[in-house]
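What follows is the content of entry_27.csv (CSV, C-alpha atoms and all ligand atoms).
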```csv
chain,number,residue,atom,x,y,z
A,31,MET,CA,-42.5,45.6,-79.8
A,32,ILE,CA,-41.9,43.0,-82.5
A,33,THR,CA,-39.2,43.9,-85.0
A,34,PHE,CA,-38.4,42.3,-88.3
A,35,ASP,CA,-35.0,43.3,-89.6
A,36,SER,CA,-34.2,42.3,-93.2
A,37,VAL,CA,-35.9,38.9,-92.7
A,38,THR,CA,-35.9,36.5,-95.6
A,39,LYS,CA,-37.2,32.9,-95.7
A,40,THR,CA,-36.4,30.6,-98.5
A,41,TYR,CA,-37.7,27.1,-98.2
A,42,PRO,CA,-35.4,24.1,-99.2
A,43,ASP,CA,-37.1,23.8,-102.6
A,44,GLY,CA,-36.0,27.3,-103.4
A,45,THR,CA,-39.3,29.1,-102.8
A,46,THR,CA,-38.7,32.6,-101.3
A,47,ALA,CA,-41.8,33.0,-99.1
A,48,VAL,CA,-40.6,36.2,-97.4
A,49,ASP,CA,-38.3,38.6,-99.1
A,50,ASN,CA,-36.2,41.0,-97.0
A,51,LEU,CA,-39.0,42.0,-94.6
A,52,THR,CA,-38.3,45.0,-92.3
A,53,LEU,CA,-41.2,46.0,-90.1
A,54,ASP,CA,-41.8,47.4,-86.6
A,55,ILE,CA,-45.0,46.2,-84.7
A,56,GLU,CA,-45.8,48.5,-81.8
A,57,GLU,CA,-46.6,47.1,-78.4
A,58,GLY,CA,-50.3,46.9,-77.7
A,59,SER,CA,-51.2,47.4,-81.4
A,60,PHE,CA,-53.4,45.3,-83.7
A,61,THR,CA,-51.5,44.6,-86.9
A,62,ALA,CA,-53.0,42.7,-89.9
A,63,PHE,CA,-50.9,40.9,-92.5
A,64,VAL,CA,-53.0,40.9,-95.7
A,65,GLY,CA,-52.3,39.8,-99.3
A,66,PRO,CA,-53.2,37.2,-101.9
A,67,SER,CA,-52.7,33.5,-101.3
A,68,GLY,CA,-49.0,32.4,-101.1
A,69,CYS,CA,-47.5,35.8,-100.4
A,70,GLY,CA,-45.8,34.8,-97.2
A,71,LYS,CA,-48.3,36.1,-94.5
A,72,THR,CA,-48.3,32.9,-92.5
A,73,THR,CA,-44.6,32.3,-92.9
A,74,SER,CA,-43.9,35.8,-91.6
A,75,MET,CA,-46.2,35.3,-88.6
A,76,ARG,CA,-44.8,31.9,-87.7
A,77,MET,CA,-41.3,33.2,-87.6
A,78,ILE,CA,-42.3,35.4,-84.6
A,79,ASN,CA,-42.7,32.3,-82.3
A,80,ARG,CA,-40.0,30.2,-84.1
A,81,MET,CA,-42.4,27.7,-85.6
A,82,ILE,CA,-40.4,28.6,-88.7
A,83,GLU,CA,-36.8,29.8,-88.7
A,84,PRO,CA,-35.7,32.7,-91.0
A,85,THR,CA,-33.0,32.0,-93.6
A,86,SER,CA,-31.5,35.4,-92.9
A,87,GLY,CA,-32.2,38.6,-90.9
A,88,THR,CA,-33.3,39.0,-87.3
A,89,ILE,CA,-36.7,39.1,-85.5
A,90,ARG,CA,-36.8,40.7,-82.0
A,91,VAL,CA,-39.5,40.5,-79.4
A,92,ALA,CA,-39.2,43.1,-76.7
A,93,GLY,CA,-35.6,43.8,-77.9
A,94,LYS,CA,-34.5,40.1,-77.7
A,95,ASP,CA,-33.5,38.1,-80.8
A,96,VAL,CA,-36.0,35.3,-81.0
A,97,GLY,CA,-33.3,33.1,-82.6
A,98,SER,CA,-31.4,33.1,-79.4
A,99,SER,CA,-34.5,32.6,-77.2
A,100,ASN,CA,-35.6,29.3,-75.9
A,101,ALA,CA,-38.5,28.3,-78.2
A,102,VAL,CA,-40.6,26.9,-75.3
A,103,SER,CA,-40.3,29.9,-73.1
A,104,LEU,CA,-40.8,32.2,-76.0
A,105,ARG,CA,-44.1,30.6,-76.9
A,106,ARG,CA,-45.2,30.8,-73.4
A,107,GLY,CA,-45.6,34.6,-73.9
A,108,ILE,CA,-47.2,34.2,-77.3
A,109,GLY,CA,-50.8,33.0,-77.8
A,110,TYR,CA,-51.7,31.3,-81.1
A,111,VAL,CA,-55.1,31.0,-82.7
A,112,ILE,CA,-55.7,29.1,-86.0
A,113,GLN,CA,-58.6,28.9,-88.4
A,114,SER,CA,-60.0,25.6,-87.2
A,115,ALA,CA,-59.6,26.6,-83.5
A,116,GLY,CA,-57.4,23.5,-83.0
A,117,LEU,CA,-59.2,22.3,-79.9
A,118,MET,CA,-58.5,18.9,-78.4
A,119,PRO,CA,-61.6,16.9,-79.4
A,120,HIS,CA,-61.5,14.5,-76.3
A,121,GLN,CA,-61.1,17.2,-73.7
A,122,ARG,CA,-63.9,19.2,-72.2
A,123,ILE,CA,-63.9,22.9,-73.1
A,124,VAL,CA,-62.8,23.9,-69.6
A,125,ASP,CA,-59.8,21.6,-69.8
A,126,ASN,CA,-58.9,22.8,-73.4
A,127,ILE,CA,-58.6,26.3,-71.9
A,128,ALA,CA,-56.9,25.2,-68.7
A,129,THR,CA,-54.2,22.9,-70.3
A,130,VAL,CA,-51.4,25.4,-70.8
A,131,PRO,CA,-51.7,27.1,-67.4
A,132,VAL,CA,-51.7,23.7,-65.7
A,133,LEU,CA,-48.6,22.8,-67.7
A,134,GLN,CA,-47.1,26.0,-66.5
A,135,GLY,CA,-47.6,24.9,-62.9
A,136,GLN,CA,-51.0,26.4,-62.0
A,137,SER,CA,-53.2,24.2,-59.8
A,138,ARG,CA,-56.0,22.5,-61.8
A,139,LYS,CA,-58.6,24.2,-59.6
A,140,ALA,CA,-57.2,27.7,-60.2
A,141,ALA,CA,-56.8,27.1,-63.9
A,142,ARG,CA,-60.3,25.8,-64.3
A,143,HIS,CA,-61.7,28.8,-62.3
A,144,ALA,CA,-59.7,31.2,-64.6
A,145,ALA,CA,-61.0,29.2,-67.7
A,146,LEU,CA,-64.6,29.9,-66.7
A,147,GLU,CA,-63.9,33.6,-66.4
A,148,LEU,CA,-62.2,33.5,-69.8
A,149,LEU,CA,-65.3,31.9,-71.3
A,150,GLU,CA,-67.4,34.9,-70.2
A,151,ARG,CA,-64.7,37.3,-71.4
A,152,VAL,CA,-65.0,35.9,-75.0
A,153,GLY,CA,-68.8,36.1,-74.9
A,154,LEU,CA,-69.7,32.5,-74.1
A,155,ASP,CA,-71.9,31.1,-71.3
A,156,ARG,CA,-70.1,29.2,-68.6
A,157,ALA,CA,-72.5,26.3,-69.2
A,158,VAL,CA,-70.4,25.3,-72.3
A,159,ALA,CA,-67.5,24.5,-70.0
A,160,THR,CA,-68.4,20.8,-69.6
A,161,ARG,CA,-69.1,20.2,-73.3
A,162,TYR,CA,-66.7,18.7,-75.8
A,163,PRO,CA,-65.6,20.8,-78.9
A,164,GLY,CA,-67.8,18.7,-81.2
A,165,GLN,CA,-70.8,19.9,-79.3
A,166,LEU,CA,-70.1,23.6,-80.1
A,167,SER,CA,-70.8,25.6,-83.3
A,168,GLY,CA,-67.9,26.7,-85.4
A,169,GLY,CA,-68.2,30.3,-84.1
A,170,GLN,CA,-68.3,29.1,-80.5
A,171,GLN,CA,-65.2,26.9,-81.0
A,172,GLN,CA,-63.4,29.8,-82.4
A,173,ARG,CA,-64.2,31.8,-79.3
A,174,VAL,CA,-62.9,29.0,-77.2
A,175,GLY,CA,-59.7,29.0,-79.4
A,176,VAL,CA,-59.3,32.7,-78.4
A,177,ALA,CA,-59.9,32.0,-74.7
A,178,ARG,CA,-57.4,29.2,-74.8
A,179,ALA,CA,-54.8,31.5,-76.4
A,180,LEU,CA,-55.4,34.1,-73.7
A,181,ALA,CA,-55.3,31.6,-70.8
A,182,ALA,CA,-51.5,32.0,-70.2
A,183,ASP,CA,-52.0,35.8,-70.4
A,184,PRO,CA,-49.5,36.3,-73.2
A,185,ALA,CA,-48.4,39.7,-74.2
A,186,ILE,CA,-48.6,38.7,-77.9
A,187,LEU,CA,-51.4,37.0,-79.8
A,188,LEU,CA,-50.8,35.5,-83.2
A,189,MET,CA,-54.0,34.8,-85.1
A,190,ASP,CA,-53.9,33.0,-88.5
A,191,GLU,CA,-57.2,33.5,-90.4
A,192,PRO,CA,-59.1,32.8,-87.2
A,193,PHE,CA,-62.5,33.7,-88.5
A,194,SER,CA,-62.4,32.5,-92.1
A,195,ALA,CA,-64.2,29.2,-91.6
A,196,VAL,CA,-67.4,30.7,-90.2
A,197,ASP,CA,-70.4,32.2,-92.0
A,198,PRO,CA,-70.5,36.0,-92.5
A,199,VAL,CA,-72.9,36.8,-89.7
A,200,VAL,CA,-70.9,34.8,-87.1
A,201,ARG,CA,-67.8,36.3,-88.5
A,202,GLU,CA,-69.0,39.8,-87.9
A,203,ASP,CA,-69.9,38.9,-84.3
A,204,LEU,CA,-66.5,37.5,-83.8
A,205,GLN,CA,-64.9,40.6,-85.2
A,206,ASN,CA,-66.9,42.8,-82.9
A,207,GLU,CA,-66.0,40.6,-80.0
A,208,MET,CA,-62.3,40.9,-80.9
A,209,LEU,CA,-62.5,44.7,-81.1
A,210,ARG,CA,-64.2,44.8,-77.6
A,211,LEU,CA,-61.6,42.4,-76.2
A,212,GLN,CA,-58.7,44.3,-77.6
A,213,GLY,CA,-60.1,47.5,-76.1
A,214,GLU,CA,-59.9,45.8,-72.7
A,215,LEU,CA,-56.7,43.8,-73.0
A,216,ARG,CA,-54.4,45.9,-75.3
A,217,LYS,CA,-52.4,42.8,-76.4
A,218,THR,CA,-49.9,43.0,-79.3
A,219,ILE,CA,-51.9,41.2,-82.0
A,220,VAL,CA,-50.7,40.0,-85.3
A,221,PHE,CA,-53.6,38.8,-87.5
A,222,VAL,CA,-53.4,37.1,-90.8
A,223,THR,CA,-56.3,37.5,-93.2
A,224,HIS,CA,-57.2,37.5,-96.9
A,225,ASP,CA,-60.0,39.9,-96.3
A,226,ILE,CA,-59.0,43.6,-96.6
A,227,ASP,CA,-62.4,44.6,-95.1
A,228,GLU,CA,-61.7,42.6,-92.0
A,229,ALA,CA,-58.2,44.1,-91.7
A,230,VAL,CA,-59.6,47.7,-92.1
A,231,LYS,CA,-62.2,47.0,-89.5
A,232,LEU,CA,-59.9,45.5,-86.9
A,233,ALA,CA,-56.3,46.7,-87.4
A,234,ASP,CA,-54.4,49.8,-86.3
A,235,ARG,CA,-51.9,49.0,-89.0
A,236,ILE,CA,-52.0,46.8,-92.1
A,237,ALA,CA,-49.1,45.2,-93.9
A,238,ILE,CA,-49.9,44.4,-97.5
A,239,PHE,CA,-47.8,41.6,-99.0
A,240,GLY,CA,-47.4,40.9,-102.7
A,241,ALA,CA,-46.1,38.1,-104.8
A,242,GLY,CA,-42.7,36.7,-103.8
A,243,GLY,CA,-43.2,37.6,-100.2
A,244,LYS,CA,-42.5,41.3,-100.7
A,245,LEU,CA,-44.0,43.9,-98.3
A,246,ARG,CA,-45.8,46.5,-100.5
A,247,GLN,CA,-47.1,48.9,-97.9
A,248,PHE,CA,-47.3,49.1,-94.1
A,249,ASP,CA,-49.7,51.8,-93.0
A,250,THR,CA,-52.8,52.7,-91.1
A,251,PRO,CA,-56.1,51.6,-92.7
A,252,ALA,CA,-57.1,55.2,-93.5
A,253,ARG,CA,-53.8,56.0,-95.2
A,254,LEU,CA,-53.8,52.7,-97.1
A,255,LEU,CA,-57.2,53.5,-98.6
A,256,ALA,CA,-56.5,57.2,-99.2
A,257,ALA,CA,-53.0,56.7,-100.6
A,258,PRO,CA,-52.1,53.2,-101.8
A,259,ALA,CA,-48.4,53.0,-102.5
A,260,ASP,CA,-48.7,51.4,-106.0
A,261,GLU,CA,-51.0,49.8,-108.5
A,262,PHE,CA,-50.9,46.4,-106.7
A,263,VAL,CA,-52.0,47.9,-103.4
A,264,SER,CA,-54.6,50.0,-105.0
A,265,SER,CA,-56.2,47.0,-106.8
A,266,PHE,CA,-55.9,44.9,-103.7
A,267,VAL,CA,-57.7,47.4,-101.4
A,268,GLY,CA,-60.5,47.4,-104.0
A,269,ARG,CA,-62.5,49.5,-106.4
A,270,ASP,CA,-64.9,50.8,-103.7
A,271,ARG,CA,-62.1,52.0,-101.5
A,272,GLY,CA,-63.4,55.6,-101.8
A,273,TYR,CA,-66.7,54.5,-100.3
A,274,ARG,CA,-65.0,52.4,-97.5
A,275,GLN,CA,-62.8,55.4,-96.7
A,276,LEU,CA,-65.9,57.2,-95.5
A,277,GLN,CA,-65.7,55.1,-92.3
A,278,PHE,CA,-62.8,57.4,-91.2
A,279,ASN,CA,-64.8,60.6,-91.7
A,280,SER,CA,-66.9,61.8,-88.7
A,281,GLY,CA,-70.6,62.1,-89.3
A,282,ALA,CA,-70.9,64.7,-86.5
A,283,ASP,CA,-71.4,67.7,-88.9
A,284,VAL,CA,-74.0,66.2,-91.2
A,285,GLN,CA,-77.0,68.5,-91.4
A,286,LEU,CA,-79.9,66.4,-90.3
A,287,GLU,CA,-83.4,66.5,-92.0
A,288,PRO,CA,-86.4,67.0,-89.7
A,289,LEU,CA,-88.4,63.8,-89.4
A,290,THR,CA,-91.9,63.6,-87.9
A,291,PRO,CA,-92.6,59.9,-87.2
A,292,ILE,CA,-96.1,58.7,-86.7
A,293,SER,CA,-97.5,56.0,-84.4
A,294,GLU,CA,-99.5,53.0,-85.6
A,295,ALA,CA,-102.7,54.7,-84.6
A,296,GLU,CA,-102.0,57.5,-87.0
A,297,ILE,CA,-101.3,55.4,-90.1
A,298,ASP,CA,-104.9,55.1,-91.3
A,299,SER,CA,-105.4,58.9,-91.5
A,300,GLN,CA,-102.3,59.5,-93.7
A,301,ILE,CA,-102.9,60.8,-97.2
A,302,LEU,CA,-99.7,60.1,-99.1
A,303,GLY,CA,-98.6,60.9,-102.6
A,304,VAL,CA,-96.4,58.8,-104.9
A,305,ASP,CA,-93.0,58.2,-103.3
A,306,GLU,CA,-94.1,59.7,-100.0
A,307,TRP,CA,-93.2,57.8,-96.9
A,308,ARG,CA,-93.8,58.1,-93.2
A,309,LEU,CA,-91.6,56.6,-90.5
A,310,VAL,CA,-93.6,54.6,-88.0
A,311,THR,CA,-92.2,54.4,-84.5
A,312,ILE,CA,-93.1,52.4,-81.4
A,313,ASP,CA,-92.4,54.3,-78.2
A,314,GLY,CA,-90.0,56.5,-80.1
A,315,ASN,CA,-88.0,53.6,-81.6
A,316,PRO,CA,-88.1,53.2,-85.4
A,317,PHE,CA,-90.2,50.3,-86.7
A,318,GLY,CA,-90.4,50.8,-90.5
A,319,TRP,CA,-91.7,53.0,-93.3
A,320,VAL,CA,-95.2,53.1,-94.7
A,321,ASP,CA,-96.3,54.5,-98.1
A,322,ALA,CA,-99.7,55.0,-99.7
A,323,GLU,CA,-100.0,51.3,-100.4
A,324,GLY,CA,-99.1,50.4,-96.8
A,325,VAL,CA,-101.7,52.9,-95.5
A,326,THR,CA,-104.4,51.2,-97.7
A,327,ALA,CA,-103.3,47.7,-96.5
A,328,HIS,CA,-103.3,48.8,-92.8
A,329,SER,CA,-106.8,50.4,-93.2
A,330,GLY,CA,-107.9,47.1,-94.7
A,331,GLY,CA,-106.8,45.2,-91.6
A,332,ALA,CA,-103.3,44.2,-92.4
A,333,SER,CA,-100.9,44.1,-89.4
A,334,LEU,CA,-98.3,46.7,-88.8
A,335,TYR,CA,-95.6,44.3,-89.9
A,336,GLU,CA,-97.4,43.6,-93.2
A,337,SER,CA,-98.1,47.3,-93.9
A,338,CYS,CA,-94.6,48.6,-93.3
A,339,SER,CA,-91.3,48.2,-95.3
A,340,ALA,CA,-88.4,47.4,-93.0
A,341,GLY,CA,-86.1,50.3,-92.4
A,342,GLY,CA,-82.5,50.3,-93.5
A,343,SER,CA,-79.5,50.6,-91.2
A,344,LEU,CA,-79.7,53.2,-88.5
A,345,PHE,CA,-77.3,56.1,-88.2
A,346,THR,CA,-76.5,56.6,-84.5
A,347,GLU,CA,-75.5,60.2,-83.7
A,348,GLY,CA,-71.7,60.5,-83.5
A,349,GLY,CA,-71.2,57.7,-86.1
A,350,THR,CA,-69.2,57.9,-89.4
A,351,LEU,CA,-70.1,59.2,-92.8
A,352,ARG,CA,-70.1,55.6,-94.1
A,353,GLN,CA,-72.8,54.7,-91.6
A,354,ALA,CA,-74.8,57.9,-92.4
A,355,LEU,CA,-74.6,57.1,-96.2
A,356,ASP,CA,-75.4,53.5,-95.7
A,357,SER,CA,-78.5,54.4,-93.7
A,358,ALA,CA,-79.7,56.8,-96.4
A,359,LEU,CA,-79.0,54.3,-99.2
A,360,SER,CA,-80.6,51.3,-97.5
A,361,SER,CA,-83.8,53.1,-96.5
A,362,PRO,CA,-86.8,52.5,-98.8
A,363,SER,CA,-87.6,56.2,-98.5
A,364,GLY,CA,-84.1,57.4,-99.3
A,365,THR,CA,-84.0,59.0,-95.9
A,366,GLY,CA,-81.8,57.2,-93.3
A,367,VAL,CA,-83.1,57.2,-89.7
A,368,VAL,CA,-80.9,59.0,-87.2
A,369,VAL,CA,-81.1,57.8,-83.6
A,370,ASP,CA,-79.6,59.0,-80.3
A,371,GLY,CA,-77.7,56.8,-77.9
A,372,ASN,CA,-81.0,55.5,-76.5
A,373,GLY,CA,-82.3,54.4,-79.9
A,374,THR,CA,-84.8,57.3,-80.1
A,375,VAL,CA,-85.3,58.9,-83.5
A,376,SER,CA,-83.7,62.3,-83.7
A,377,GLY,CA,-83.8,63.1,-87.4
A,378,GLY,CA,-83.2,61.9,-90.9
A,379,VAL,CA,-80.3,61.9,-93.3
A,380,ARG,CA,-80.2,61.8,-97.1
A,381,ALA,CA,-77.3,60.9,-99.4
A,382,ALA,CA,-77.0,64.5,-100.5
A,383,ASP,CA,-76.5,65.6,-96.8
A,384,VAL,CA,-73.6,63.1,-96.5
A,385,LEU,CA,-72.0,64.4,-99.7
A,386,ALA,CA,-72.4,68.0,-98.6
A,387,ALA,CA,-70.7,67.2,-95.2
A,388,LEU,CA,-67.9,65.4,-97.1
A,389,GLU,CA,-67.3,68.4,-99.4
A,390,LEU,CA,-67.1,70.7,-96.3
A,391,GLN,CA,-64.6,68.4,-94.6
A,392,ARG,CA,-62.5,68.3,-97.7
A,393,LYS,CA,-62.5,72.1,-98.1
A,394,SER,CA,-61.6,72.6,-94.4
A,395,ALA,CA,-58.7,70.0,-94.7
A,396,SER,CA,-57.2,71.7,-97.8
A,401,LIG,N1,-42.9,24.1,-96.0
A,401,LIG,C1,-42.8,24.7,-97.2
A,401,LIG,N2,-42.0,24.3,-98.2
A,401,LIG,C2,-42.0,24.9,-99.3
A,401,LIG,N3,-42.7,26.0,-99.7
A,401,LIG,C3,-43.5,26.4,-98.7
A,401,LIG,C4,-43.7,25.8,-97.4
A,401,LIG,N4,-44.6,26.5,-96.7
A,401,LIG,C5,-45.0,27.5,-97.5
A,401,LIG,N5,-44.4,27.5,-98.7
A,401,LIG,C6,-44.6,28.4,-99.8
A,401,LIG,O1,-44.2,29.7,-99.4
A,401,LIG,C7,-45.0,30.7,-100.0
A,401,LIG,C8,-45.7,31.5,-98.8
A,401,LIG,O2,-46.5,30.6,-98.1
A,401,LIG,P1,-47.4,31.2,-96.9
A,401,LIG,O3,-48.2,30.0,-96.3
A,401,LIG,O4,-46.5,31.9,-95.9
A,401,LIG,O5,-48.4,32.2,-97.6
A,401,LIG,P2,-49.7,32.9,-97.2
A,401,LIG,O6,-49.6,34.3,-97.7
A,401,LIG,O7,-49.9,32.7,-95.7
A,401,LIG,O8,-50.7,32.0,-98.0
A,401,LIG,P3,-52.3,31.6,-97.7
A,401,LIG,O9,-53.0,32.9,-97.6
A,401,LIG,O10,-52.6,30.8,-98.9
A,401,LIG,O11,-52.3,30.9,-96.4
A,401,LIG,C9,-46.0,29.9,-100.8
A,401,LIG,O12,-45.5,29.9,-102.2
A,401,LIG,C10,-46.0,28.5,-100.3
A,401,LIG,O13,-46.3,27.6,-101.3
```
Could you render the structure from this file as structure tokens?
Amino acid sequence: MITFDSVTKTYPDGTTAVDNLTLDIEEGSFTAFVGPSGCGKTTSMRMINRMIEPTSGTIRVAGKDVGSSNAVSLRRGIGYVIQSAGLMPHQRIVDNIATVPVLQGQSRKAARHAALELLERVGLDRAVATRYPGQLSGGQQQRVGVARALAADPAILLMDEPFSAVDPVVREDLQNEMLRLQGELRKTIVFVTHDIDEAVKLADRIAIFGAGGKLRQFDTPARLLAAPADEFVSSFVGRDRGYRQLQFNSGADVQLEPLTPISEAEIDSQILGVDEWRLVTIDGNPFGWVDAEGVTAHSGGASLYESCSAGGSLFTEGGTLRQALDSALSSPSGTGVVVDGNGTVSGGVRAADVLAALELQRKSAS
């Protein structure tokens, strides 16, 4: 457990970066610090490993006041990941990861062996071990940054905007990897981000900071979206928070629509009216949607790819209402495709079905 008890940090120029912060971070939890630029997220985080000293108040890690802990041994138990990965450019990847364990007395051979396993753990091929950081993409470097922070097997991981320098697709991969890793490792993670969506996706609890380094709300993502403490939090979590909140509602009781997919061989015999669509599957897996225009094109010799409109997102049985609604809204036919765990089509879902399920859930909760 990490405890902030009435912690204030005022810099020598008089800026109060953190104002009377009191907060308990549970062991094994993923906590995000979120807020606009300059609200004290990084300062708060860096006080945990004594990179910054508080002006007043106490921070405890596992019950021990960090102010009276030896900074070097304190940091041994706290991994640190930053935005630019911060790798040593002239060291091979394997040695970037093995450095701290070697400093801590592990043999170079054992540390390198462990480094190779860590590479796999963060989703990288062992073959990158002999490369230099400059020979890796930004996303790969970030994964190495995480591996390096994990090398000393710290109980706590501090991550300061670790994924903000990579493009959105890579960022999503890294987020998913982080969720998977945390499922396995159960570290106590403190994660600084500007991005409320990232925080909602990753964190068990979110601390929202406002101007002057004041904590405005500390809550689970679901409660933060459902009951923002004030105007500031409400505007920070965004206008579409009602939609995002759907990710905390189970989609298990959505009434599915029957869907009768067709194979490519059946396309040419379809007689379709305006706004009528058929789902085309290959071996039971969804391929795309075909309408009257697509049937004509296919009959005239166009390929399957040319004749079909790409489907939207898929709704896997057991998913959330947000996934169900997204699959309906993103499908050209207005019917989202529902698949079972094997990716086989099991039905369809329309926006109205999602709203009906939501109404039922609301009624049974009240
Ligand atoms: N060394 C310093 N000396 C003086 N003021 C500082 C120092 N470091 C940070 N600050 C100020 O303290 C406040 C909080 O900074 P901090 O970096 O903790 O915010 P942040 O929420 O992490 O911001 P960002 O999201 O932009 O990184 C800001 O007003 C910043 O300008």
9 Å contact set for range 197-203 of chain A, all atoms listed in the file, chain neighbours under 4 positions out, as a PyMOL selection string: chain A and resi 168-169+193+207-208+228
Contact residues around Ala195 in chain A with all atoms listed in the file at 12 Å, ignoring same-chain residues under 5 positions, as an NGL selection string: :A and (112-115 or 167-172 or 190 or 200-201 or 204 or 223)
Given all atoms listed in the file, how would the per-residue table for chain A near ligand LIG 401 (chain A) read, listing every residue at most 9 Å away with its closest atom pair and distance in Å to one decimal, sorted by chain and number, as a Markdown table?
```
| residue | atom | partner | partner_atom | distance |
| --- | --- | --- | --- | --- |
| A:Lys39 | CA | A:LIG401 | O1 | 8.5 |
| A:Thr40 | CA | A:LIG401 | N3 | 7.9 |
| A:Tyr41 | CA | A:LIG401 | C2 | 5.0 |
| A:Pro42 | CA | A:LIG401 | C2 | 6.6 |
| A:Asp43 | CA | A:LIG401 | C2 | 6.0 |
| A:Gly44 | CA | A:LIG401 | C2 | 7.7 |
| A:Thr45 | CA | A:LIG401 | N3 | 5.5 |
| A:Thr46 | CA | A:LIG401 | O1 | 6.5 |
| A:Ala47 | CA | A:LIG401 | C7 | 4.0 |
| A:Val48 | CA | A:LIG401 | C8 | 7.1 |
| A:Phe63 | CA | A:LIG401 | O6 | 8.5 |
| A:Val64 | CA | A:LIG401 | O6 | 7.7 |
| A:Gly65 | CA | A:LIG401 | O6 | 6.3 |
| A:Pro66 | CA | A:LIG401 | O9 | 6.1 |
| A:Ser67 | CA | A:LIG401 | O10 | 3.6 |
| A:Gly68 | CA | A:LIG401 | O5 | 3.6 |
| A:Cys69 | CA | A:LIG401 | O6 | 3.7 |
| A:Gly70 | CA | A:LIG401 | O4 | 3.3 |
| A:Lys71 | CA | A:LIG401 | O6 | 3.9 |
| A:Thr72 | CA | A:LIG401 | O7 | 3.6 |
| A:Thr73 | CA | A:LIG401 | O4 | 3.6 |
| A:Ser74 | CA | A:LIG401 | O4 | 6.4 |
| A:Met75 | CA | A:LIG401 | O4 | 8.1 |
| A:Arg76 | CA | A:LIG401 | O4 | 8.4 |
| A:Ile82 | CA | A:LIG401 | N1 | 8.9 |
| A:Asp190 | CA | A:LIG401 | O7 | 8.2 |
| A:Glu191 | CA | A:LIG401 | O11 | 8.2 |
| A:Val222 | CA | A:LIG401 | O7 | 7.5 |
| A:Thr223 | CA | A:LIG401 | O9 | 7.2 |
| A:His224 | CA | A:LIG401 | O9 | 6.3 |
| A:Phe239 | CA | A:LIG401 | O6 | 7.6 |
| A:Gly240 | CA | A:LIG401 | O6 | 8.6 |
| A:Ala241 | CA | A:LIG401 | O12 | 8.6 |
| A:Gly242 | CA | A:LIG401 | C7 | 7.5 |
| A:Gly243 | CA | A:LIG401 | C8 | 6.7 |
```
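With all atoms listed in the file as the atoms that count, the minimum distance from Val37 in chain A to the choices A:Thr160, A:Ala182, A:Leu245, A:Gly153 is reached by A:Leu245.
You will find CA of Arg122 in chain A at 12.2 Å from CA of Arg178 in chain A.
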Residue among A:Ala101, A:Leu390, A:Ala340, A:Ala229 lying closest to Ala62 in chain A, counting all atoms listed in the file: A:Ala229
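Candidate residues A:Gly377, A:Pro316, A:Gly268, A:Gly364 were compared for distance to Ile226 in chain A, and the nearest is A:Gly268, using only C-alpha atoms.
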Distance query 12 Å from (-104.5, 49.7, -97.7) using only C-alpha atoms, result as an MDAnalysis selection string: chainID A and resid 297:302 320:334 336:338
Contact residues around Thr129 in chain A with only C-alpha atoms at 9 Å, ignoring same-chain residues under 3 positions, as a PyMOL selection string: chain A and resi 124-126+132-134+138+141+178+181
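Note that the spacing between CA of Ile108 in chain A and CA of Ser86 in chain A amounts to 22.2 Å.
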Non-local contacts of Gly109 in chain A (9 Å; all atoms listed in the file; under 6 positions in same chain excluded) as a PyMOL selection string: chain A and resi 176+178-189
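Shortest separation to Ile55 in chain A among A:Val367, A:Leu359, A:Ile32, A:Ala381 occurs at residue A:Ile32, atoms counted being all atoms listed in the file.
The gap separating CA of Arg253 in chain A from CA of Leu215 in chain A is 25.5 Å, in Å to one decimal.
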Nearby residues, (-46.5, 51.3, -96.8) file frame, 8 Å, only C-alpha atoms, as a PyMOL selection string: chain A and resi 237-238+245-249+254+258-259
